[in-house]
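**Q** Have a look at the structure that comes next, please.
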Amino acid sequence: FQLADVSGGLWAVIGIMASLVERTRTDKGQVVDVSMTEAAMPFGIVSIAATLAGQKLERGAEPLTGGIAAYGTYATKDGKYVALGALEPKFWLAFAGGVGLAADMSGIVPGDHQPALKKKVADLFASRTAAEWIAFSLAHDCCLEPVLEPEELAGDAHLAARDVFFEIDSPWGPLEQLKMPTCPPGATRPPPKKGEHTDDILREAGLDDAAIAKL
């Protein structure tokens, strides 16, 4: 996943929008300087903030990096995977209560007890199929979701309800598309044919039809 590329683009858009507002407010422009490295760093804010506060962190022992049983990815009986994100007490209690584990706050706190608890949770997940865990998640509000393969995405109920995947007509036949979060319905056009827009671009550059014909 191209985290720095995507987040850098998002921060650039935020900076441009903020600059336009500032121009309207003060009649002065701004320089938008976005570093891809700095754009990616906020995604690690929990670990970075803890380090800045003087904590000595151990790799894989933090709540978001594998340190607690309530937050991780687990293999199922049929070789698939599910992701558990029960960080908040209500979600962990719902999960623990549903599978018969002790429903207390120790499950979401790092410590020496976690390795044994993680093994117990891993064994639980390995005892049921992914379909059984999906059914479990529908009955228990515990932030448990299946890990989907790319070819399974189009069949996901949530993505289907939001029309994330759709088709458009093109000179080459129907083309499968992925909707961007802010793209309105019907705004996607097929890719142009070779040279389809050449004349239009040249006219925008200031060439007249006679000059274009000579090219």
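Letters A, B, ... mark the chains of the structure tokens in the order given; residue numbers begin at 1 per chain; ligand numbers begin at 1, in order shown.
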Using DSSP on the backbone, list every residue of range 23-124 of chain A that comes out as strand (DSSP E or B), and give them as number ranges by chain.
**A** A: 71-75, 81-85
**Q** Take the residues just selected and output them with N, CA and C atoms as a CSV table (one decimal), in the first residue's frame.
**A**
```csv
chain,number,residue,atom,x,y,z
A,71,TYR,N,-6.7,-6.8,19.5
A,71,TYR,CA,-6.5,-6.1,18.3
A,71,TYR,C,-5.5,-6.8,17.4
A,72,GLY,N,-6.0,-7.6,16.5
A,72,GLY,CA,-5.1,-8.4,15.6
A,72,GLY,C,-5.9,-9.1,14.5
A,73,THR,N,-5.1,-9.8,13.7
A,73,THR,CA,-5.6,-10.6,12.6
A,73,THR,C,-5.4,-12.1,13.0
A,74,TYR,N,-6.5,-12.9,12.8
A,74,TYR,CA,-6.4,-14.3,13.2
A,74,TYR,C,-6.9,-15.2,12.1
A,75,ALA,N,-6.2,-16.4,12.0
A,75,ALA,CA,-6.6,-17.4,11.0
A,75,ALA,C,-7.8,-18.2,11.5
A,81,TYR,N,-9.0,-15.5,7.1
A,81,TYR,CA,-8.6,-14.6,8.2
A,81,TYR,C,-9.7,-13.7,8.6
A,82,VAL,N,-9.7,-13.3,9.8
A,82,VAL,CA,-10.6,-12.2,10.3
A,82,VAL,C,-9.8,-11.2,11.1
A,83,ALA,N,-10.3,-10.0,11.2
A,83,ALA,CA,-9.6,-8.9,11.9
A,83,ALA,C,-10.4,-8.5,13.1
A,84,LEU,N,-9.8,-8.6,14.3
A,84,LEU,CA,-10.5,-8.1,15.5
A,84,LEU,C,-10.0,-6.8,15.9
A,85,GLY,N,-10.8,-5.8,16.1
A,85,GLY,CA,-10.4,-4.5,16.5
A,85,GLY,C,-11.1,-4.0,17.7
```
**Q** Write down as a list in words the residues belonging to range 129-178 of chain A that are assigned helix (DSSP H, G or I) by DSSP computed on the backbone.
**A**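 Across range 129-178 of chain A, those assigned helix (DSSP H, G or I) are Ala130, Ala131, Glu132, Trp133, Ile134, Ala135, Phe136, Ser137, Leu138, Ala139, Pro150, Glu151, Glu152, Leu153, Ala154, Gly155, Ala157, His158, Leu159, Ala160 and Ala161 of chain A.
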**Q** Would you write out those residues with N, CA, C and O atoms, as a tab-separated table (two decimals), in the first residue's frame?
**A**
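To be explicit, this is the file written out as selection.tsv:
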```tsv
chain	number	residue	atom	x	y	z
A	130	ALA	N	-14.54	-18.99	8.69
A	130	ALA	CA	-14.74	-17.56	8.49
A	130	ALA	C	-16.23	-17.22	8.43
A	130	ALA	O	-16.67	-16.21	8.99
A	131	ALA	N	-17.01	-18.07	7.78
A	131	ALA	CA	-18.46	-17.83	7.69
A	131	ALA	C	-19.10	-17.85	9.07
A	131	ALA	O	-20.01	-17.06	9.36
A	132	GLU	N	-18.64	-18.75	9.93
A	132	GLU	CA	-19.18	-18.81	11.30
A	132	GLU	C	-18.82	-17.54	12.08
A	132	GLU	O	-19.63	-17.03	12.87
A	133	TRP	N	-17.61	-17.03	11.84
A	133	TRP	CA	-17.22	-15.81	12.54
A	133	TRP	C	-17.96	-14.59	12.00
A	133	TRP	O	-18.25	-13.64	12.75
A	134	ILE	N	-18.28	-14.60	10.72
A	134	ILE	CA	-19.09	-13.51	10.16
A	134	ILE	C	-20.47	-13.51	10.82
A	134	ILE	O	-21.00	-12.46	11.20
A	135	ALA	N	-21.03	-14.70	10.96
A	135	ALA	CA	-22.33	-14.81	11.64
A	135	ALA	C	-22.22	-14.33	13.08
A	135	ALA	O	-23.12	-13.66	13.61
A	136	PHE	N	-21.13	-14.66	13.73
A	136	PHE	CA	-20.90	-14.23	15.11
A	136	PHE	C	-20.84	-12.70	15.19
A	136	PHE	O	-21.43	-12.08	16.08
A	137	SER	N	-20.15	-12.09	14.24
A	137	SER	CA	-19.99	-10.63	14.27
A	137	SER	C	-21.32	-9.91	14.04
A	137	SER	O	-21.52	-8.80	14.54
A	138	LEU	N	-22.21	-10.55	13.29
A	138	LEU	CA	-23.52	-9.94	13.08
A	138	LEU	C	-24.37	-9.98	14.34
A	138	LEU	O	-25.26	-9.14	14.52
A	139	ALA	N	-24.08	-10.93	15.21
A	139	ALA	CA	-24.84	-11.07	16.45
A	139	ALA	C	-24.19	-10.37	17.63
A	139	ALA	O	-24.83	-10.16	18.66
A	150	PRO	N	-8.93	-9.70	-2.79
A	150	PRO	CA	-9.33	-8.69	-3.77
A	150	PRO	C	-10.55	-9.08	-4.60
A	150	PRO	O	-11.43	-8.26	-4.87
A	151	GLU	N	-10.62	-10.35	-4.99
A	151	GLU	CA	-11.74	-10.79	-5.83
A	151	GLU	C	-13.05	-10.89	-5.05
A	151	GLU	O	-14.12	-11.07	-5.65
A	152	GLU	N	-12.99	-10.79	-3.72
A	152	GLU	CA	-14.20	-10.85	-2.91
A	152	GLU	C	-14.80	-9.48	-2.63
A	152	GLU	O	-15.92	-9.37	-2.12
A	153	LEU	N	-14.09	-8.42	-2.96
A	153	LEU	CA	-14.53	-7.07	-2.59
A	153	LEU	C	-15.87	-6.69	-3.22
A	153	LEU	O	-16.73	-6.11	-2.56
A	154	ALA	N	-16.03	-7.00	-4.50
A	154	ALA	CA	-17.26	-6.59	-5.20
A	154	ALA	C	-18.50	-7.23	-4.60
A	154	ALA	O	-19.60	-6.68	-4.72
A	155	GLY	N	-18.35	-8.38	-3.95
A	155	GLY	CA	-19.48	-9.06	-3.36
A	155	GLY	C	-19.77	-8.64	-1.93
A	155	GLY	O	-20.74	-9.12	-1.32
A	157	ALA	N	-21.29	-6.75	1.06
A	157	ALA	CA	-22.60	-6.09	1.15
A	157	ALA	C	-22.47	-4.58	1.34
A	157	ALA	O	-23.23	-3.81	0.74
A	158	HIS	N	-21.55	-4.15	2.17
A	158	HIS	CA	-21.38	-2.71	2.41
A	158	HIS	C	-20.92	-2.00	1.14
A	158	HIS	O	-21.48	-0.96	0.76
A	159	LEU	N	-19.91	-2.55	0.48
A	159	LEU	CA	-19.39	-1.91	-0.74
A	159	LEU	C	-20.43	-1.94	-1.85
A	159	LEU	O	-20.55	-0.98	-2.62
A	160	ALA	N	-21.20	-3.03	-1.92
A	160	ALA	CA	-22.24	-3.12	-2.95
A	160	ALA	C	-23.34	-2.09	-2.70
A	160	ALA	O	-23.85	-1.46	-3.64
A	161	ALA	N	-23.70	-1.89	-1.44
A	161	ALA	CA	-24.76	-0.93	-1.11
A	161	ALA	C	-24.35	0.49	-1.47
A	161	ALA	O	-25.20	1.34	-1.77
```
**Q** Skipping near chain neighbours, those fewer than 5 positions away, what residues fall within 10 Å of Val34 in chain A using only C-alpha atoms, listed as a list in words?
**A** Ser7, Gly8, Gly9, Leu10, Trp11, Ala12, Val13, Gly15 and Ala39 of chain A
**Q** Just C-alpha atoms for this one: save the residues we selected as a compact mmCIF listing (two decimals), in the first residue's frame.
**A**
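out_18.txt was written with the following content:
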```
# COMPACT_ATOMS: atom_id res chain seq x y z
CA SER A 7 -1.45 10.58 2.21
CA GLY A 8 0.87 13.08 0.52
CA GLY A 9 -1.79 13.73 -2.12
CA LEU A 10 -4.48 14.14 0.52
CA TRP A 11 -2.41 16.65 2.51
CA ALA A 12 -1.69 18.54 -0.73
CA VAL A 13 -5.43 18.86 -1.37
CA GLY A 15 -3.21 22.57 1.86
CA ALA A 39 2.43 13.15 5.45
```
